[in-house]
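Novice: Dropping in model_11.cif, which is mmCIF, C-alpha atoms:
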```
data_upload
loop_
_atom_site.label_atom_id
_atom_site.label_comp_id
_atom_site.auth_asym_id
_atom_site.auth_seq_id
_atom_site.Cartn_x
_atom_site.Cartn_y
_atom_site.Cartn_z
CA MET D 14 0.00 0.00 0.00
CA LYS D 15 2.82 2.36 0.95
CA LYS D 16 4.55 1.64 -2.37
CA LYS D 17 1.33 2.49 -4.26
CA MET D 18 0.96 5.78 -2.37
CA LEU D 19 4.60 6.66 -3.09
CA ALA D 20 4.13 5.89 -6.77
CA LEU D 21 1.02 8.11 -6.87
CA PHE D 22 2.90 10.91 -5.15
CA MET D 23 5.78 10.70 -7.64
CA ALA D 24 3.35 10.67 -10.59
CA MET D 25 1.67 13.82 -9.31
CA MET D 26 5.01 15.56 -8.89
CA MET D 27 6.08 14.63 -12.42
CA ALA D 28 2.78 15.91 -13.78
CA GLY D 29 3.41 19.29 -12.17
CA ILE D 30 0.53 19.03 -9.69
CA THR D 31 0.98 20.94 -6.44
CA VAL D 32 0.67 18.50 -3.55
CA GLY D 33 -0.02 21.20 -0.95
CA CYS D 34 -3.64 22.13 -0.43
CA GLY D 35 -5.19 25.46 -1.35
CA SER D 36 -7.99 27.05 0.66
CA THR D 37 -10.46 24.62 -0.91
CA GLY D 38 -8.67 21.66 0.68
CA THR D 39 -8.01 19.94 -2.68
CA THR D 40 -4.83 19.57 -4.68
CA GLN D 41 -4.36 22.34 -7.20
CA LYS D 42 -2.19 22.92 -10.23
CA ASP D 43 -0.11 26.10 -10.23
CA VAL D 44 -1.80 28.83 -12.28
CA THR D 45 -0.86 32.38 -13.28
CA ILE D 46 -3.55 34.96 -13.99
CA MET D 47 -3.19 38.48 -15.36
CA ILE D 48 -5.11 41.46 -14.05
CA ALA D 49 -5.62 44.46 -16.37
CA ALA D 50 -6.46 47.35 -14.05
CA ALA D 51 -6.76 51.12 -14.08
CA ALA D 52 -3.54 52.93 -13.18
CA SER D 53 -5.14 54.33 -10.02
CA LEU D 54 -5.34 50.78 -8.64
CA GLU D 55 -1.67 49.86 -9.04
CA ASN D 56 -0.48 50.82 -5.56
CA CYS D 57 -3.18 49.01 -3.59
CA TYR D 58 -2.96 45.96 -5.86
CA THR D 59 0.81 45.53 -5.85
CA GLN D 60 1.47 46.61 -2.26
CA GLU D 61 -1.44 44.93 -0.49
CA LEU D 62 -4.13 43.03 -2.35
CA ILE D 63 -2.17 40.72 -4.65
CA PRO D 64 0.16 39.53 -1.84
CA MET D 65 -2.90 38.92 0.37
CA PHE D 66 -4.63 36.92 -2.36
CA GLU D 67 -1.54 34.86 -3.18
CA GLU D 68 -1.12 34.01 0.51
CA GLN D 69 -4.71 32.79 0.60
CA TYR D 70 -4.35 30.88 -2.70
CA PRO D 71 -0.67 29.85 -2.90
CA TYR D 72 -1.18 27.95 -6.14
CA ILE D 73 -2.29 31.14 -7.97
CA THR D 74 0.26 33.73 -9.09
CA VAL D 75 -1.13 37.12 -10.08
CA THR D 76 0.54 39.45 -12.56
CA GLY D 77 -0.77 42.88 -13.46
CA THR D 78 -0.75 45.48 -16.20
CA TYR D 79 -1.84 49.00 -15.24
CA ASP D 80 -2.77 51.88 -17.54
CA SER D 81 -5.68 54.07 -18.52
CA SER D 82 -8.93 52.12 -18.79
CA GLY D 83 -9.31 53.18 -22.41
CA LYS D 84 -5.90 51.78 -23.35
CA LEU D 85 -6.61 48.54 -21.53
CA GLN D 86 -9.96 48.26 -23.31
CA THR D 87 -8.21 48.59 -26.65
CA GLN D 88 -5.57 46.03 -25.66
CA ILE D 89 -8.23 43.52 -24.64
CA GLU D 90 -10.03 44.12 -27.95
CA GLU D 91 -6.72 43.41 -29.69
CA GLY D 92 -6.20 40.14 -27.82
CA LEU D 93 -4.43 40.97 -24.55
CA GLU D 94 -4.32 37.71 -22.60
CA ALA D 95 -5.82 39.14 -19.43
CA ASP D 96 -8.10 37.20 -17.11
CA VAL D 97 -9.62 40.05 -15.09
CA PHE D 98 -10.39 43.63 -16.13
CA MET D 99 -11.00 46.41 -13.61
CA SER D 100 -11.86 49.79 -15.04
CA ALA D 101 -12.01 53.26 -13.50
CA ALA D 102 -15.33 53.86 -15.27
CA THR D 103 -18.33 51.88 -16.44
CA LYS D 104 -17.93 53.13 -20.02
CA GLN D 105 -15.02 50.83 -20.91
CA MET D 106 -16.49 47.83 -19.10
CA ASN D 107 -19.84 48.27 -20.82
CA ALA D 108 -18.16 48.51 -24.22
CA LEU D 109 -16.30 45.23 -23.68
CA LYS D 110 -19.46 43.57 -22.36
CA GLU D 111 -21.41 44.62 -25.45
CA GLU D 112 -18.62 43.25 -27.65
CA GLY D 113 -18.78 39.93 -25.82
CA LEU D 114 -15.26 40.34 -24.47
CA VAL D 115 -16.17 40.41 -20.77
CA ASP D 116 -18.59 37.94 -19.17
CA SER D 117 -21.61 40.05 -18.27
CA ASP D 118 -22.66 37.86 -15.34
CA SER D 119 -19.25 38.30 -13.71
CA ILE D 120 -19.27 42.11 -13.55
CA VAL D 121 -19.33 43.70 -10.09
CA GLU D 122 -19.51 47.49 -9.63
CA LEU D 123 -17.11 47.34 -6.72
CA LEU D 124 -15.79 50.78 -5.78
CA GLU D 125 -16.41 54.51 -6.00
CA ASN D 126 -13.80 57.26 -6.16
CA LYS D 127 -13.87 61.07 -6.06
CA LEU D 128 -12.53 63.59 -8.57
CA VAL D 129 -10.33 66.27 -7.00
CA LEU D 130 -8.43 69.40 -8.01
CA ILE D 131 -4.77 69.41 -6.97
CA VAL D 132 -1.86 71.85 -7.00
CA PRO D 133 1.83 71.33 -6.16
CA ALA D 134 2.47 71.19 -2.41
CA GLY D 135 3.18 74.64 -1.06
CA MET D 136 1.02 76.35 -3.69
CA GLU D 137 -2.24 76.25 -1.71
CA ASP D 138 -2.38 80.04 -1.38
CA GLY D 139 -2.14 80.74 -5.10
CA ALA D 140 -4.79 81.79 -7.60
CA VAL D 141 -6.50 78.39 -7.62
CA THR D 142 -8.73 78.09 -4.54
CA GLU D 143 -11.75 76.15 -5.88
CA PHE D 144 -12.63 73.91 -8.82
CA ALA D 145 -13.75 76.72 -11.14
CA ASP D 146 -10.53 78.64 -10.38
CA ILE D 147 -8.50 76.17 -12.41
CA VAL D 148 -8.77 78.60 -15.33
CA ASN D 149 -6.39 80.86 -13.35
CA ALA D 150 -3.61 78.29 -13.61
CA GLY D 151 -0.94 78.73 -16.26
CA MET D 152 -0.60 75.03 -17.16
CA ILE D 153 -3.35 72.54 -16.44
CA ALA D 154 -2.93 68.75 -16.38
CA ILE D 155 -5.83 66.36 -17.01
CA GLY D 156 -6.17 62.89 -18.47
CA ASP D 157 -6.93 62.64 -22.16
CA PRO D 158 -10.76 62.57 -22.30
CA GLU D 159 -10.59 60.24 -25.30
CA SER D 160 -9.07 57.37 -23.33
CA VAL D 161 -8.62 58.26 -19.65
CA PRO D 162 -11.71 58.06 -17.42
CA ALA D 163 -10.37 60.75 -15.06
CA GLY D 164 -10.09 63.01 -18.10
CA GLN D 165 -13.61 62.13 -19.21
CA TYR D 166 -14.96 62.99 -15.77
CA ALA D 167 -12.92 66.22 -15.70
CA LYS D 168 -14.26 67.30 -19.09
CA GLU D 169 -17.81 66.56 -17.92
CA ALA D 170 -17.35 68.63 -14.76
CA PHE D 171 -15.72 71.57 -16.53
CA THR D 172 -18.34 71.50 -19.29
CA ASN D 173 -21.13 71.64 -16.72
CA LEU D 174 -19.32 74.51 -14.99
CA GLY D 175 -19.13 76.32 -18.34
CA ILE D 176 -15.32 76.56 -18.43
CA TRP D 177 -14.26 73.59 -20.59
CA ASP D 178 -13.18 75.75 -23.54
CA GLU D 179 -10.85 77.79 -21.32
CA VAL D 180 -9.48 74.70 -19.61
CA SER D 181 -8.88 72.85 -22.86
CA ARG D 182 -6.78 75.70 -24.25
CA LYS D 183 -4.37 75.40 -21.33
CA ALA D 184 -4.50 71.65 -20.84
CA SER D 185 -1.73 69.10 -21.19
CA LEU D 186 -3.34 65.71 -21.69
CA GLY D 187 -1.90 62.77 -19.77
CA THR D 188 -2.01 59.21 -21.03
CA ASN D 189 -3.22 58.04 -17.61
CA VAL D 190 -4.06 59.55 -14.24
CA THR D 191 -0.67 58.66 -12.74
CA GLU D 192 1.07 60.80 -15.36
CA VAL D 193 -1.19 63.75 -14.48
CA LEU D 194 -0.38 63.30 -10.78
CA ASN D 195 3.35 63.19 -11.50
CA TRP D 196 3.22 66.39 -13.59
CA VAL D 197 1.58 68.32 -10.77
CA ALA D 198 3.80 66.76 -8.10
CA ALA D 199 6.90 67.81 -10.06
CA GLY D 200 5.56 71.34 -10.63
CA SER D 201 5.41 70.85 -14.40
CA ALA D 202 1.72 71.77 -14.20
CA ASP D 203 0.22 74.44 -11.95
CA ALA D 204 -2.95 72.45 -11.30
CA GLY D 205 -4.52 69.18 -12.30
CA VAL D 206 -7.45 66.83 -11.83
CA VAL D 207 -6.98 63.31 -10.47
CA TYR D 208 -8.80 60.86 -8.24
CA ALA D 209 -8.80 61.37 -4.48
CA THR D 210 -6.95 58.08 -4.09
CA ASP D 211 -4.11 59.28 -6.32
CA ALA D 212 -3.78 62.56 -4.45
CA ALA D 213 -3.59 60.64 -1.16
CA SER D 214 -0.63 58.61 -2.41
CA THR D 215 1.88 61.49 -2.25
CA THR D 216 2.72 64.50 -0.09
CA ASP D 217 3.92 66.40 -3.17
CA VAL D 218 0.43 67.66 -4.05
CA THR D 219 -2.35 69.40 -2.14
CA VAL D 220 -6.05 68.82 -2.71
CA ILE D 221 -7.86 72.12 -3.22
CA ALA D 222 -11.40 70.86 -3.77
CA GLU D 223 -13.63 68.00 -4.89
CA ALA D 224 -15.66 68.33 -8.07
CA PRO D 225 -18.69 70.46 -7.08
CA GLU D 226 -21.97 68.73 -6.42
CA GLY D 227 -24.01 68.60 -9.61
CA SER D 228 -21.02 69.07 -11.91
CA MET D 229 -20.85 65.35 -12.67
CA GLU D 230 -23.86 63.33 -13.74
CA THR D 231 -21.89 60.08 -13.61
CA PRO D 232 -20.36 58.80 -10.35
CA VAL D 233 -16.79 57.48 -10.51
CA ILE D 234 -17.55 53.75 -10.37
CA TYR D 235 -14.91 50.98 -10.67
CA PRO D 236 -16.37 47.76 -12.11
CA VAL D 237 -14.47 44.46 -12.30
CA GLY D 238 -15.20 41.43 -14.46
CA ILE D 239 -13.78 38.30 -16.07
CA VAL D 240 -12.36 38.58 -19.59
CA SER D 241 -14.31 36.18 -21.80
CA ALA D 242 -11.19 34.77 -23.47
CA SER D 243 -9.64 33.81 -20.12
CA THR D 244 -8.54 30.21 -19.83
CA HIS D 245 -8.47 30.49 -16.03
CA LYS D 246 -12.01 31.62 -15.25
CA GLU D 247 -12.24 29.69 -12.00
CA GLU D 248 -9.16 31.43 -10.61
CA ALA D 249 -10.27 34.79 -12.03
CA GLY D 250 -13.58 34.30 -10.24
CA LEU D 251 -11.76 33.59 -6.98
CA PHE D 252 -9.85 36.86 -7.38
CA ILE D 253 -13.04 38.86 -7.92
CA GLU D 254 -14.66 37.09 -4.97
CA PHE D 255 -11.62 38.01 -2.85
CA LEU D 256 -11.89 41.69 -3.88
CA GLN D 257 -15.38 41.74 -2.34
CA SER D 258 -14.21 40.34 0.99
CA GLU D 259 -14.14 42.46 4.13
CA GLU D 260 -10.35 42.42 4.32
CA ALA D 261 -9.96 43.53 0.69
CA ILE D 262 -12.60 46.25 1.02
CA GLN D 263 -10.74 47.54 4.08
CA VAL D 264 -7.57 47.85 2.01
CA PHE D 265 -9.44 49.76 -0.71
CA GLU D 266 -10.87 52.09 1.91
CA ASP D 267 -7.41 52.61 3.43
CA TYR D 268 -6.30 53.83 0.01
CA GLY D 269 -9.23 56.26 -0.20
CA PHE D 270 -11.81 54.30 -2.22
CA THR D 271 -15.43 53.94 -1.16
CA ASN D 272 -17.19 50.57 -1.04
CA ASN D 273 -19.92 50.62 -3.70
CA LEU D 274 -21.42 47.26 -2.66
CA ASN D 275 -23.43 48.70 0.22
#
```
Could you take the file, read its structure, and then write that structure out as structure tokens?

Specialist:
Amino acid sequence: MKKKMLALFMAMMMAGITVGCGSTGTTQKDVTIMIAAAASLENCYTQELIPMFEEQYPYITVTGTYDSSGKLQTQIEEGLEADVFMSAATKQMNALKEEGLVDSDSIVELLENKLVLIVPAGMEDGAVTEFADIVNAGMIAIGDPESVPAGQYAKEAFTNLGIWDEVSRKASLGTNVTEVLNWVAAGSADAGVVYATDAASTTDVTVIAEAPEGSMETPVIYPVGIVSASTHKEEAGLFIEFLQSEEAIQVFEDYGFTNNLN
């Protein structure tokens, strides 16, 4: 009997099957999944959430690619081998769902963020003291409204405030929200618009104001879903389930996000 058990053990090892048990209590084969996520999620994913998930599911390795949601949408449309997509807006997720590229029944509108006006640290007493004052800045940084959700939200807010034309004439358009944050932090731009979570990640910028109430018709919602072409849907589903757990939500909230599940 012992010889048979040893032979089975050796066969499993040669087949590449992990003998240690995952959280389900069954043997699991090592799997790697890729997460395509908005740039504003990179810090909380890489520093906290992915290590927590991999500790809970040691047979699953998680890699990530982070950029503007519009760029990631295009990459998934062009065949990016991602398993999970998490966008900083519903627009990109809905587009992929309608194209049959994200499983509609897997989508969870997980988080909410806030849009804020920032200036370089130490410049709080300048000419920009509220959202509409951004027109007083010499150089303005926002995400490209064509591909960056933060830029789309900024354009919506400034349009509703009646100042978009003035803002657009002074605007430098970032390829993602992290680039906008870095421009303002370095003093390359006099003011910019990012998410509250981005502003909270550095002491090199100061938040002047949130987007005024009524200036945005669309809340800043972060949906997550499984990419239809994924070959690891079970593991992708476990990751999305983990993101909804109390411990994961606490991490998101520590980084400045709001739980949208309540």

Novice: Using the chain letters and numbers from this file, what does the PyMOL selection byres ((chain D and resi 261-275) around 6) select? Give the answer as a PyMOL selection string.

Specialist: chain D and resi 123-126+210+256+258-260

Novice: Which polymer residues have any atom within 10 Å of an atom of Glu248 (chain D), counting all atoms listed in the file, with same-chain residues fewer than 2 positions away left out, as an MDAnalysis selection string?

Specialist: chainID D and resid 44:46 70 72:75 96:97 239 243:246 250:254

Novice: CA of Ser181 (chain D) to CA of Val141 (chain D): how many Å, to one decimal?

Specialist: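 Taking CA of Ser181 (chain D) as the start and CA of Val141 (chain D) as the end point, the length is 16.4 Å.
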
Novice: I'd like the contact shell of region 144-152 of chain D - 8 Å cut-off, all atoms listed in the file, skipping same-chain residues fewer than 5 positions apart - returned as number ranges by chain.

Specialist: D: 130, 171, 174, 176, 179-180, 183-185, 201-204, 221-225

Novice: Run the PyMOL selection byres ((chain D and resi 186) around 10) on the file and write out the hits as a ChimeraX atom specification.

Specialist: /D:153-159,161,164,181,183-185,187-190,192-193

Novice: Please, what distance in Å, to one decimal, runs between CA of Gly77 (chain D) and CA of Ser117 (chain D)?

Specialist: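 We find that CA of Gly77 (chain D) and CA of Ser117 (chain D) lie 21.6 Å from each other.
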
Novice: Set the distance at 12 Å and use all atoms listed in the file: which residues neighbour Asp138 (chain D) once local chain neighbours fewer than 5 positions away are removed? I'd like the list as a list of chain:residue names.

Specialist: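 Selected residues are D:Val132, D:Pro133, D:Glu143, D:Thr219, D:Val220, D:Ile221.
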
Novice: Please measure the separation of CA of Val240 (chain D) and CA of Val115 (chain D), giving the value in Å to one decimal.

Specialist: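 CA of Val115 (chain D) lies 4.4 Å from CA of Val240 (chain D).
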
Novice: Expanded to explicit residues, what is the PyMOL selection byres ((chain D and resi 110) around 12) for this file, as a list in words?

Specialist: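 This file, filtered by the PyMOL selection byres ((chain D and resi 110) around 12), leaves Gln86, Ile89, Glu90, Phe98, Thr103, Lys104, Gln105, Met106, Asn107, Ala108, Leu109, Glu111, Glu112, Gly113, Leu114, Val115, Asp116, Ser117, Asp118, Ser119, Ile120, Pro236, Val237, Gly238, Ile239, Val240 and Ser241 of chain D.
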
Novice: Taking only C-alpha atoms into account, name the residue in D:Gln88, D:Thr78, D:Gln165, D:Asn173 that is nearest to Glu226 (chain D).

Specialist: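 Checking each of D:Gln88, D:Thr78, D:Gln165, D:Asn173 against Glu226 (chain D), counting only C-alpha atoms, the winner is D:Asn173.
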
Novice: Taking into account only C-alpha atoms, which residue in the set D:Lys168, D:Val121, D:Tyr79, D:Val233 is nearest to Cys57 (chain D)?

Specialist: D:Tyr79

Novice: Compare D:Gly227, D:Gln257, D:Ala242, D:Pro232 by their minimum atom-to-atom distance to Gly92 (chain D), counting all atoms listed in the file, and give me the closest one.

Specialist: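 Once distances to Gly92 (chain D) are computed over all atoms listed in the file, the minimum belongs to D:Ala242.
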
Novice: Set the distance at 8 Å and use all atoms listed in the file: which residues neighbour Val218 (chain D) once local chain neighbours fewer than 5 positions away are removed? I'd like the list as a list in words.

Specialist: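 Answer for this query is Ile131, Val132, Pro133, Ala134, Val197, Ala198 and Ala212 of chain D.
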